[in-house]
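A.B. asks: As input, take work-v1.cif (mmCIF, C-alpha atoms and all ligand atoms):
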```cif
data_my_file
loop_
_atom_site.group_PDB
_atom_site.id
_atom_site.type_symbol
_atom_site.label_atom_id
_atom_site.label_comp_id
_atom_site.auth_asym_id
_atom_site.auth_seq_id
_atom_site.Cartn_x
_atom_site.Cartn_y
_atom_site.Cartn_z
ATOM 1 C CA MET A 1 -10.889 -1.401 -16.394
ATOM 2 C CA ASP A 2 -11.072 1.867 -14.513
ATOM 3 C CA ARG A 3 -8.254 2.212 -12.013
ATOM 4 C CA THR A 4 -9.517 5.444 -10.447
ATOM 5 C CA ARG A 5 -10.784 3.787 -7.311
ATOM 6 C CA LEU A 6 -7.485 1.907 -6.945
ATOM 7 C CA ARG A 7 -5.650 5.187 -6.400
ATOM 8 C CA ALA A 8 -5.300 6.191 -2.761
ATOM 9 C CA ASP A 9 -7.655 9.009 -1.785
ATOM 10 C CA CYS A 10 -6.627 9.971 1.741
ATOM 11 C CA THR A 11 -9.401 12.586 1.912
ATOM 12 C CA ARG A 12 -11.965 9.762 1.963
ATOM 13 C CA CYS A 13 -10.064 7.526 4.360
ATOM 14 C CA ALA A 14 -9.777 7.575 8.140
ATOM 15 C CA ALA A 15 -5.958 7.439 8.147
ATOM 16 C CA LEU A 16 -6.029 3.671 8.475
ATOM 17 C CA CYS A 17 -2.419 3.247 7.321
ATOM 18 C CA CYS A 18 -1.230 5.667 10.033
ATOM 19 C CA VAL A 19 -2.945 3.644 12.754
ATOM 20 C CA ALA A 20 -3.458 0.009 11.804
ATOM 21 C CA PRO A 21 0.073 -1.301 11.087
ATOM 22 C CA ALA A 22 2.962 -1.587 13.505
ATOM 23 C CA PHE A 23 6.193 0.281 12.685
ATOM 24 C CA ALA A 24 9.686 -0.751 13.700
ATOM 25 C CA ALA A 25 12.358 1.952 13.977
ATOM 26 C CA SER A 26 14.431 1.402 10.865
ATOM 27 C CA ALA A 27 15.525 3.071 7.646
ATOM 28 C CA ASP A 28 11.825 3.414 6.792
ATOM 29 C CA PHE A 29 10.397 4.684 10.079
ATOM 30 C CA ALA A 30 11.956 6.850 12.750
ATOM 31 C CA ILE A 31 9.973 5.296 15.580
ATOM 32 C CA ASP A 32 8.499 2.102 16.931
ATOM 33 C CA LYS A 33 4.721 2.131 16.836
ATOM 34 C CA PRO A 34 2.436 -0.702 17.948
ATOM 35 C CA ALA A 35 -0.351 -1.902 15.657
ATOM 36 C CA GLY A 36 -3.694 -0.182 16.186
ATOM 37 C CA THR A 37 -2.100 2.914 17.718
ATOM 38 C CA PRO A 38 -2.180 6.295 15.952
ATOM 39 C CA CYS A 39 1.178 7.608 14.793
ATOM 40 C CA PRO A 40 2.131 10.602 16.973
ATOM 41 C CA ASN A 41 2.422 12.686 13.781
ATOM 42 C CA LEU A 42 -1.231 12.097 12.896
ATOM 43 C CA GLY A 43 -3.560 15.026 13.480
ATOM 44 C CA ALA A 44 -7.166 14.992 14.655
ATOM 45 C CA ASP A 45 -8.160 15.814 11.073
ATOM 46 C CA PHE A 46 -6.594 12.512 9.908
ATOM 47 C CA ARG A 47 -3.771 14.421 8.207
ATOM 48 C CA CYS A 48 -0.065 13.883 8.664
ATOM 49 C CA GLY A 49 1.572 16.741 10.526
ATOM 50 C CA ILE A 50 4.929 16.213 8.789
ATOM 51 C CA HIS A 51 3.703 15.287 5.313
ATOM 52 C CA ASP A 52 5.991 17.729 3.531
ATOM 53 C CA THR A 53 9.133 16.541 5.312
ATOM 54 C CA LEU A 54 8.523 12.812 5.733
ATOM 55 C CA ARG A 55 11.844 11.733 4.215
ATOM 56 C CA GLU A 56 13.888 14.274 6.110
ATOM 57 C CA ARG A 57 12.215 13.289 9.371
ATOM 58 C CA GLY A 58 12.974 9.608 8.857
ATOM 59 C CA PHE A 59 9.657 8.322 7.477
ATOM 60 C CA PRO A 60 10.384 7.332 3.842
ATOM 61 C CA GLY A 61 8.280 4.218 4.449
ATOM 62 C CA CYS A 62 5.205 6.451 4.604
ATOM 63 C CA VAL A 63 6.124 8.004 1.234
ATOM 64 C CA ALA A 64 6.609 4.606 -0.377
ATOM 65 C CA PHE A 65 3.449 3.006 0.997
ATOM 66 C CA ASP A 66 0.523 2.686 -1.415
ATOM 67 C CA CYS A 67 -2.771 1.234 -0.204
ATOM 68 C CA PHE A 68 -4.135 0.971 -3.774
ATOM 69 C CA GLY A 69 -7.327 2.657 -2.574
ATOM 70 C CA ALA A 70 -7.948 0.098 0.164
ATOM 71 C CA GLY A 71 -8.230 2.797 2.830
ATOM 72 C CA GLN A 72 -11.104 4.680 1.260
ATOM 73 C CA HIS A 73 -12.795 1.448 0.200
ATOM 74 C CA ILE A 74 -12.807 0.121 3.769
ATOM 75 C CA THR A 75 -13.860 3.468 5.217
ATOM 76 C CA GLN A 76 -16.508 4.486 2.712
ATOM 77 C CA VAL A 77 -17.776 1.271 1.136
ATOM 78 C CA ILE A 78 -17.390 -1.578 3.607
ATOM 79 C CA PHE A 79 -18.036 0.562 6.675
ATOM 80 C CA GLY A 80 -20.317 3.081 4.954
ATOM 81 C CA GLY A 81 -18.449 6.172 6.122
ATOM 82 C CA ARG A 82 -18.771 5.347 9.833
ATOM 83 C CA ASP A 83 -16.228 7.052 12.099
ATOM 84 C CA ARG A 84 -14.015 4.671 14.046
ATOM 85 C CA ARG A 85 -13.443 7.357 16.680
ATOM 86 C CA ALA A 86 -17.157 7.798 17.323
ATOM 87 C CA GLU A 87 -17.582 4.017 17.291
ATOM 88 C CA PRO A 88 -14.421 2.544 18.796
ATOM 89 C CA GLY A 89 -15.974 -0.904 18.565
ATOM 90 C CA ILE A 90 -15.537 -0.970 14.782
ATOM 91 C CA ALA A 91 -11.905 0.153 14.769
ATOM 92 C CA ALA A 92 -10.265 -3.261 15.129
ATOM 93 C CA GLY A 93 -12.468 -4.627 12.343
ATOM 94 C CA MET A 94 -11.385 -1.812 10.027
ATOM 95 C CA TYR A 95 -7.717 -2.305 10.822
ATOM 96 C CA ALA A 96 -7.932 -6.046 10.173
ATOM 97 C CA LEU A 97 -9.228 -5.395 6.662
ATOM 98 C CA LEU A 98 -6.405 -3.117 5.544
ATOM 99 C CA PRO A 99 -3.825 -5.804 4.616
ATOM 100 C CA VAL A 100 -6.484 -7.979 2.983
ATOM 101 C CA VAL A 101 -8.145 -5.312 0.865
ATOM 102 C CA ARG A 102 -4.794 -3.806 -0.019
ATOM 103 C CA GLN A 103 -3.641 -7.125 -1.458
ATOM 104 C CA LEU A 104 -6.882 -7.565 -3.403
ATOM 105 C CA HIS A 105 -6.702 -4.026 -4.786
ATOM 106 C CA GLU A 106 -3.094 -4.568 -5.791
ATOM 107 C CA LEU A 107 -4.207 -7.637 -7.754
ATOM 108 C CA LEU A 108 -6.921 -5.553 -9.418
ATOM 109 C CA TRP A 109 -4.297 -2.968 -10.376
ATOM 110 C CA HIS A 110 -2.107 -5.572 -12.047
ATOM 111 C CA LEU A 111 -5.078 -7.186 -13.773
ATOM 112 C CA ALA A 112 -6.098 -3.812 -15.183
ATOM 113 C CA GLU A 113 -2.565 -3.306 -16.438
ATOM 114 C CA ALA A 114 -2.573 -6.778 -17.998
ATOM 115 C CA ALA A 115 -5.917 -6.119 -19.692
ATOM 116 C CA GLU A 116 -4.573 -2.892 -21.171
ATOM 117 C CA ARG A 117 -1.478 -4.588 -22.537
ATOM 118 C CA THR A 118 -3.073 -7.543 -24.255
ATOM 119 C CA THR A 119 -6.069 -8.623 -26.293
ATOM 120 C CA GLY A 120 -8.315 -11.613 -26.985
ATOM 121 C CA PRO A 121 -8.528 -14.522 -24.532
ATOM 122 C CA LEU A 122 -5.842 -13.157 -22.218
ATOM 123 C CA ARG A 123 -7.698 -9.885 -21.833
ATOM 124 C CA ALA A 124 -10.955 -11.753 -21.258
ATOM 125 C CA GLU A 125 -9.303 -13.900 -18.597
ATOM 126 C CA ALA A 126 -7.949 -10.792 -16.877
ATOM 127 C CA GLY A 127 -11.489 -9.416 -16.840
ATOM 128 C CA ARG A 128 -12.917 -12.589 -15.323
ATOM 129 C CA LEU A 129 -10.265 -12.736 -12.614
ATOM 130 C CA ALA A 130 -10.785 -9.056 -11.838
ATOM 131 C CA ALA A 131 -14.528 -9.614 -11.498
ATOM 132 C CA ASP A 132 -13.883 -12.458 -9.016
ATOM 133 C CA VAL A 133 -11.519 -10.343 -6.940
ATOM 134 C CA GLU A 134 -13.808 -7.332 -7.130
ATOM 135 C CA ARG A 135 -16.708 -9.369 -5.788
ATOM 136 C CA LEU A 136 -14.636 -10.322 -2.770
ATOM 137 C CA THR A 137 -13.941 -6.695 -1.938
ATOM 138 C CA HIS A 138 -17.663 -5.997 -1.795
ATOM 139 C CA ALA A 139 -18.514 -8.801 0.607
ATOM 140 C CA GLY A 140 -19.293 -7.909 4.210
ATOM 141 C CA ALA A 141 -16.517 -7.028 6.641
ATOM 142 C CA ALA A 142 -16.409 -10.471 8.260
ATOM 143 C CA THR A 143 -16.229 -12.220 4.882
ATOM 144 C CA VAL A 144 -13.472 -9.944 3.599
ATOM 145 C CA ALA A 145 -11.465 -10.379 6.796
ATOM 146 C CA ALA A 146 -11.495 -14.150 6.294
ATOM 147 C CA VAL A 147 -10.276 -13.980 2.685
ATOM 148 C CA ASP A 148 -7.036 -15.816 1.983
ATOM 149 C CA ALA A 149 -5.493 -13.750 -0.800
ATOM 150 C CA GLY A 150 -2.833 -16.380 -1.479
ATOM 151 C CA PRO A 151 -4.745 -18.516 -4.004
ATOM 152 C CA HIS A 152 -5.896 -15.372 -5.807
ATOM 153 C CA ARG A 153 -2.311 -14.125 -6.004
ATOM 154 C CA THR A 154 -1.295 -17.455 -7.510
ATOM 155 C CA ARG A 155 -4.022 -17.354 -10.180
ATOM 156 C CA VAL A 156 -3.264 -13.740 -11.042
ATOM 157 C CA GLY A 157 0.478 -14.407 -11.067
ATOM 158 C CA GLU A 158 0.059 -17.235 -13.566
ATOM 159 C CA LEU A 159 -1.945 -14.992 -15.865
ATOM 160 C CA LEU A 160 0.550 -12.136 -15.545
ATOM 161 C CA GLU A 161 3.331 -14.515 -16.516
ATOM 162 C CA ARG A 162 1.489 -15.410 -19.719
ATOM 163 C CA VAL A 163 0.714 -11.774 -20.474
ATOM 164 C CA SER A 164 4.368 -10.940 -19.885
ATOM 165 C CA VAL A 165 5.470 -13.588 -22.384
ATOM 166 C CA ARG A 166 3.046 -12.180 -24.976
ATOM 167 C CA VAL A 167 4.110 -8.572 -24.418
ATOM 168 C CA ARG A 168 7.812 -9.467 -24.553
ATOM 169 C CA ALA A 169 7.267 -11.330 -27.816
ATOM 170 C CA GLU A 170 5.539 -8.284 -29.296
ATOM 171 C CA HIS A 171 8.081 -5.794 -27.931
ATOM 172 C CA PRO A 172 11.483 -7.504 -27.803
ATOM 173 C CA GLY A 173 14.069 -5.862 -25.578
ATOM 174 C CA PRO A 174 16.529 -6.558 -22.785
ATOM 175 C CA ASP A 175 15.333 -9.099 -20.240
ATOM 176 C CA ARG A 176 15.696 -7.450 -16.848
ATOM 177 C CA ARG A 177 13.880 -10.068 -14.797
ATOM 178 C CA GLY A 178 15.601 -10.445 -11.439
ATOM 179 C CA ALA A 179 17.826 -7.414 -12.029
ATOM 180 C CA ASP A 180 18.458 -4.936 -9.204
ATOM 181 C CA LEU A 181 17.178 -1.713 -10.733
ATOM 182 C CA ALA A 182 17.500 0.436 -7.635
ATOM 183 C CA ALA A 183 19.966 3.243 -8.163
ATOM 184 C CA PRO A 184 22.581 3.473 -5.432
ATOM 185 C CA GLY A 185 21.615 6.300 -3.111
ATOM 186 C CA PRO A 186 23.282 8.142 -0.252
ATOM 187 C CA PRO A 187 24.082 6.165 2.877
ATOM 188 C CA ARG A 188 21.158 5.979 5.281
ATOM 189 C CA CYS A 189 20.995 5.702 9.055
ATOM 190 C CA ARG A 190 19.803 2.269 10.145
ATOM 191 C CA PRO A 191 17.851 3.213 12.107
ATOM 192 C CA ARG A 192 17.687 6.944 11.512
ATOM 193 C CA ARG A 193 17.681 8.678 14.843
ATOM 194 C CA PRO A 194 14.172 9.676 15.947
ATOM 195 C CA GLY A 195 13.626 13.383 15.463
ATOM 196 C CA CYS A 196 16.686 13.819 13.266
ATOM 197 C CA ALA A 197 16.294 17.095 11.379
ATOM 198 C CA ALA A 198 19.255 16.742 8.995
ATOM 199 C CA ARG A 199 18.117 17.282 5.424
ATOM 200 C CA THR A 200 20.883 15.082 3.995
ATOM 201 C CA CYS A 201 21.585 11.859 5.799
ATOM 202 C CA ALA A 202 25.260 11.130 6.353
ATOM 203 C CA GLY A 203 24.744 7.582 7.528
ATOM 204 C CA ARG A 204 26.309 6.208 10.675
ATOM 205 C CA ALA A 205 28.957 8.950 10.733
ATOM 206 C CA CYS A 206 26.236 11.594 10.977
ATOM 207 C CA ALA A 207 27.216 14.472 13.246
ATOM 208 C CA ALA A 208 23.980 16.450 12.925
ATOM 209 C CA PRO A 209 22.525 17.523 16.264
ATOM 210 C CA CYS A 210 19.353 15.647 17.133
HETATM 211 S S1 LIG A 301 4.453 10.029 9.751
HETATM 212 FE FE1 LIG A 301 2.603 10.915 8.852
HETATM 213 S S2 LIG A 301 2.107 9.586 7.067
HETATM 214 FE FE2 LIG A 301 3.566 8.456 8.375
HETATM 215 S S3 LIG A 301 2.252 7.201 9.714
HETATM 216 FE FE3 LIG A 301 2.712 9.120 10.818
HETATM 217 S S4 LIG A 301 0.955 10.459 10.359
HETATM 218 FE FE4 LIG A 301 0.937 8.797 8.824
#
```
Rewrite the structure of this file - the entire thing - as structure tokens.
Ligand code: SF4
C.D. replies:
Amino acid sequence: MDRTRLRADCTRCAALCCVAPAFAASADFAIDKPAGTPCPNLGADFRCGIHDTLRERGFPGCVAFDCFGAGQHITQVIFGGRDRRAEPGIAAGMYALLPVVRQLHELLWHLAEAAERTTGPLRAEAGRLAADVERLTHAGAATVAAVDAGPHRTRVGELLERVSVRVRAEHPGPDRRGADLAAPGPPRCRPRRPGCAARTCAGRACAAPC
């Protein structure tokens, strides 16, 4: 399965992830932003004005976010390249699709990974599930918006569990299920002060001028 289209291509998107979701000022975002409102850092060219300094400026959530290609799929495929700014009436419909298509694309990503890591009936099952999910992503906007991804997540999760058992049997090693693999990092402001320009966060004791 080709995962190319599941990789975010911001050049073919209309900055949906910088407009559609709401942000809450926190360790991940420096500001509050209501859903459906462009981030103040977003330019008219749909590019982020602080892309090179997102972490330092208090937006690590933007760095971590991955739409799995949902943005360009909604913009170019489901809405045929139409511009939400020229047609404000379509904007809400585009925004509503982002969480749905993102979940479906994430499932496709994991199914592709599963297919690569196994053979025989398990691989065939991964292919069938992927075809089902793929079909959903090509339905019309109204149909996609009404998709409940939950049952699909359950079916895919059950298959991934079986693939995992097979892979672990073939490649024995430490079982790290449930382990906290995140390396301890420097203390972080919670929330980081909006506009903070400090390159190294010193946490709540921060004395950097804002
Ligand atoms: S900070 Fe940049 S990447 Fe993050 S939402 Fe705003 S415009 Fe988008």
A.B. asks: Could you jot down the atom CA of A:Gly120 to atom CA of A:Arg3 separation for me, Å, one decimal place?
C.D. replies: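 If I compute the distance from atom CA of A:Gly120 to atom CA of A:Arg3, I get 20.4 Å.
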A.B. asks: Mind telling me what the PyMOL selection byres (((not hetatm)) within 6 of (chain A and resi 301)) catches here, as an MDAnalysis selection string?
C.D. replies: chainID A and resid 18 39 41:42 48 50:51 59 62
A.B. asks: What's the 9 Å shell around A:Phe23, counting all atoms listed in the file, without same-chain residues fewer than 3 positions away, as an mmCIF file with C-alpha atoms, keeping the file's coordinate frame?
C.D. replies:
```
data_model
loop_
_atom_site.group_PDB
_atom_site.id
_atom_site.type_symbol
_atom_site.label_atom_id
_atom_site.label_comp_id
_atom_site.auth_asym_id
_atom_site.auth_seq_id
_atom_site.Cartn_x
_atom_site.Cartn_y
_atom_site.Cartn_z
ATOM 1 C CA SER A 26 14.431 1.402 10.865
ATOM 2 C CA ASP A 28 11.825 3.414 6.792
ATOM 3 C CA PHE A 29 10.397 4.684 10.079
ATOM 4 C CA ALA A 30 11.956 6.850 12.750
ATOM 5 C CA ILE A 31 9.973 5.296 15.580
ATOM 6 C CA ASP A 32 8.499 2.102 16.931
ATOM 7 C CA LYS A 33 4.721 2.131 16.836
ATOM 8 C CA PRO A 34 2.436 -0.702 17.948
ATOM 9 C CA ALA A 35 -0.351 -1.902 15.657
#
```
A.B. asks: Would you kindly return, as a list of chain:residue names, each protein, DNA or RNA residue with an atom no farther than 10 Å from any atom of A:Arg12, considering all atoms listed in the file and excluding same-chain residues fewer than 4 positions away?
C.D. replies: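 In the requested format, the answer is A:Ala8, A:Phe46, A:Gly69, A:Gly71, A:Gln72, A:His73, A:Ile74, A:Thr75, A:Gln76, A:Gly81.
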A.B. asks: Which is closer to A:Cys67 than all the others in A:Leu181, A:Ala15, A:Leu159, A:Val144, using all atoms listed in the file?
C.D. replies: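 Once distances to A:Cys67 are computed over all atoms listed in the file, the minimum belongs to A:Ala15.
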A.B. asks: Since I can't run it myself right now, could you work out what the PyMOL selection byres (((chain A and resi 106) around 12) and not hetatm) selects here and report it as a PyMOL selection string?
C.D. replies: chain A and resi 3+5-8+66-70+98-105+107-113+130+133-134+137+149+152-153+156-157
A.B. asks: Separation of atom CA of A:Ala20 and atom CA of A:Arg84, in Å?
C.D. replies: 11.8 Å
A.B. asks: Do you have the atom CA of A:Arg117-atom CA of A:Gly178 distance handy?
C.D. replies: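 The value is 21.2 Å.
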A.B. asks: From the options A:Ala131, A:Ala44, A:Leu97, A:Thr119, which residue's atoms come nearest to A:Glu170, counting only C-alpha atoms?
C.D. replies: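 Ranked by minimum distance to A:Glu170, first place goes to A:Thr119.
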A.B. asks: Rank nothing, just name the residue among A:Glu56, A:Ala146, A:Val163, A:Glu158 nearest to A:Thr118, using all atoms listed in the file.
C.D. replies: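 When distances to A:Thr118 are compared using all atoms listed in the file, the smallest one comes from A:Val163.
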A.B. asks: Kindly indicate which residue among A:Ala96, A:Val165, A:Ala22, A:Ala27 lies nearest to A:Arg55, using only C-alpha atoms for the distances.
C.D. replies: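 When distances to A:Arg55 are compared using only C-alpha atoms, the smallest one comes from A:Ala27.
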A.B. asks: Could you state which residues are captured by the PyMOL selection byres (((chain A and resi 177) around 12) and not hetatm) in this file, as a list of chain:residue names?
C.D. replies: A:Glu161, A:Ser164, A:Val165, A:Arg168, A:Gly173, A:Pro174, A:Asp175, A:Arg176, A:Gly178, A:Ala179, A:Asp180, A:Leu181
A.B. asks: Looking at A:Val19, A:Leu122, A:Gly93, A:Asp148, which one is nearest to A:Val167, with distances taken over all atoms listed in the file?
C.D. replies: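 Checking each of A:Val19, A:Leu122, A:Gly93, A:Asp148 against A:Val167, counting all atoms listed in the file, the winner is A:Leu122.
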A.B. asks: Find the residue from A:Gly49, A:Gly80, A:Gly61, A:Pro40 that sits nearest to A:His138; use all atoms listed in the file when measuring.
C.D. replies: A:Gly80
A.B. asks: Have stretch 80-93 of chain A completed to N, CA and C atoms, please, and pass it along as a CSV table (one decimal), in the coordinates of the input.
C.D. replies:
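Wrote selection.csv, looks like this:
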```
chain,number,residue,atom,x,y,z
A,80,GLY,N,-19.3,2.1,5.2
A,80,GLY,CA,-20.3,3.1,5.0
A,80,GLY,C,-20.0,4.5,5.5
A,81,GLY,N,-18.8,4.8,5.7
A,81,GLY,CA,-18.4,6.2,6.1
A,81,GLY,C,-18.5,6.3,7.6
A,82,ARG,N,-18.7,5.2,8.4
A,82,ARG,CA,-18.8,5.3,9.8
A,82,ARG,C,-17.4,5.8,10.4
A,83,ASP,N,-17.4,6.5,11.5
A,83,ASP,CA,-16.2,7.1,12.1
A,83,ASP,C,-15.7,6.1,13.2
A,84,ARG,N,-14.5,5.6,13.0
A,84,ARG,CA,-14.0,4.7,14.0
A,84,ARG,C,-13.8,5.3,15.4
A,85,ARG,N,-13.7,6.7,15.4
A,85,ARG,CA,-13.4,7.4,16.7
A,85,ARG,C,-14.8,7.5,17.4
A,86,ALA,N,-15.9,7.7,16.7
A,86,ALA,CA,-17.2,7.8,17.3
A,86,ALA,C,-17.7,6.4,17.7
A,87,GLU,N,-17.2,5.4,17.0
A,87,GLU,CA,-17.6,4.0,17.3
A,87,GLU,C,-16.3,3.2,17.5
A,88,PRO,N,-15.7,3.3,18.6
A,88,PRO,CA,-14.4,2.5,18.8
A,88,PRO,C,-14.6,1.0,18.6
A,89,GLY,N,-15.8,0.5,18.7
A,89,GLY,CA,-16.0,-0.9,18.6
A,89,GLY,C,-15.7,-1.4,17.1
A,90,ILE,N,-15.7,-0.5,16.2
A,90,ILE,CA,-15.5,-1.0,14.8
A,90,ILE,C,-14.1,-0.8,14.4
A,91,ALA,N,-13.3,-0.2,15.2
A,91,ALA,CA,-11.9,0.2,14.8
A,91,ALA,C,-11.1,-1.1,14.5
A,92,ALA,N,-11.1,-2.1,15.3
A,92,ALA,CA,-10.3,-3.3,15.1
A,92,ALA,C,-10.7,-4.0,13.8
A,93,GLY,N,-12.0,-4.0,13.6
A,93,GLY,CA,-12.5,-4.6,12.3
A,93,GLY,C,-12.0,-3.9,11.1
```
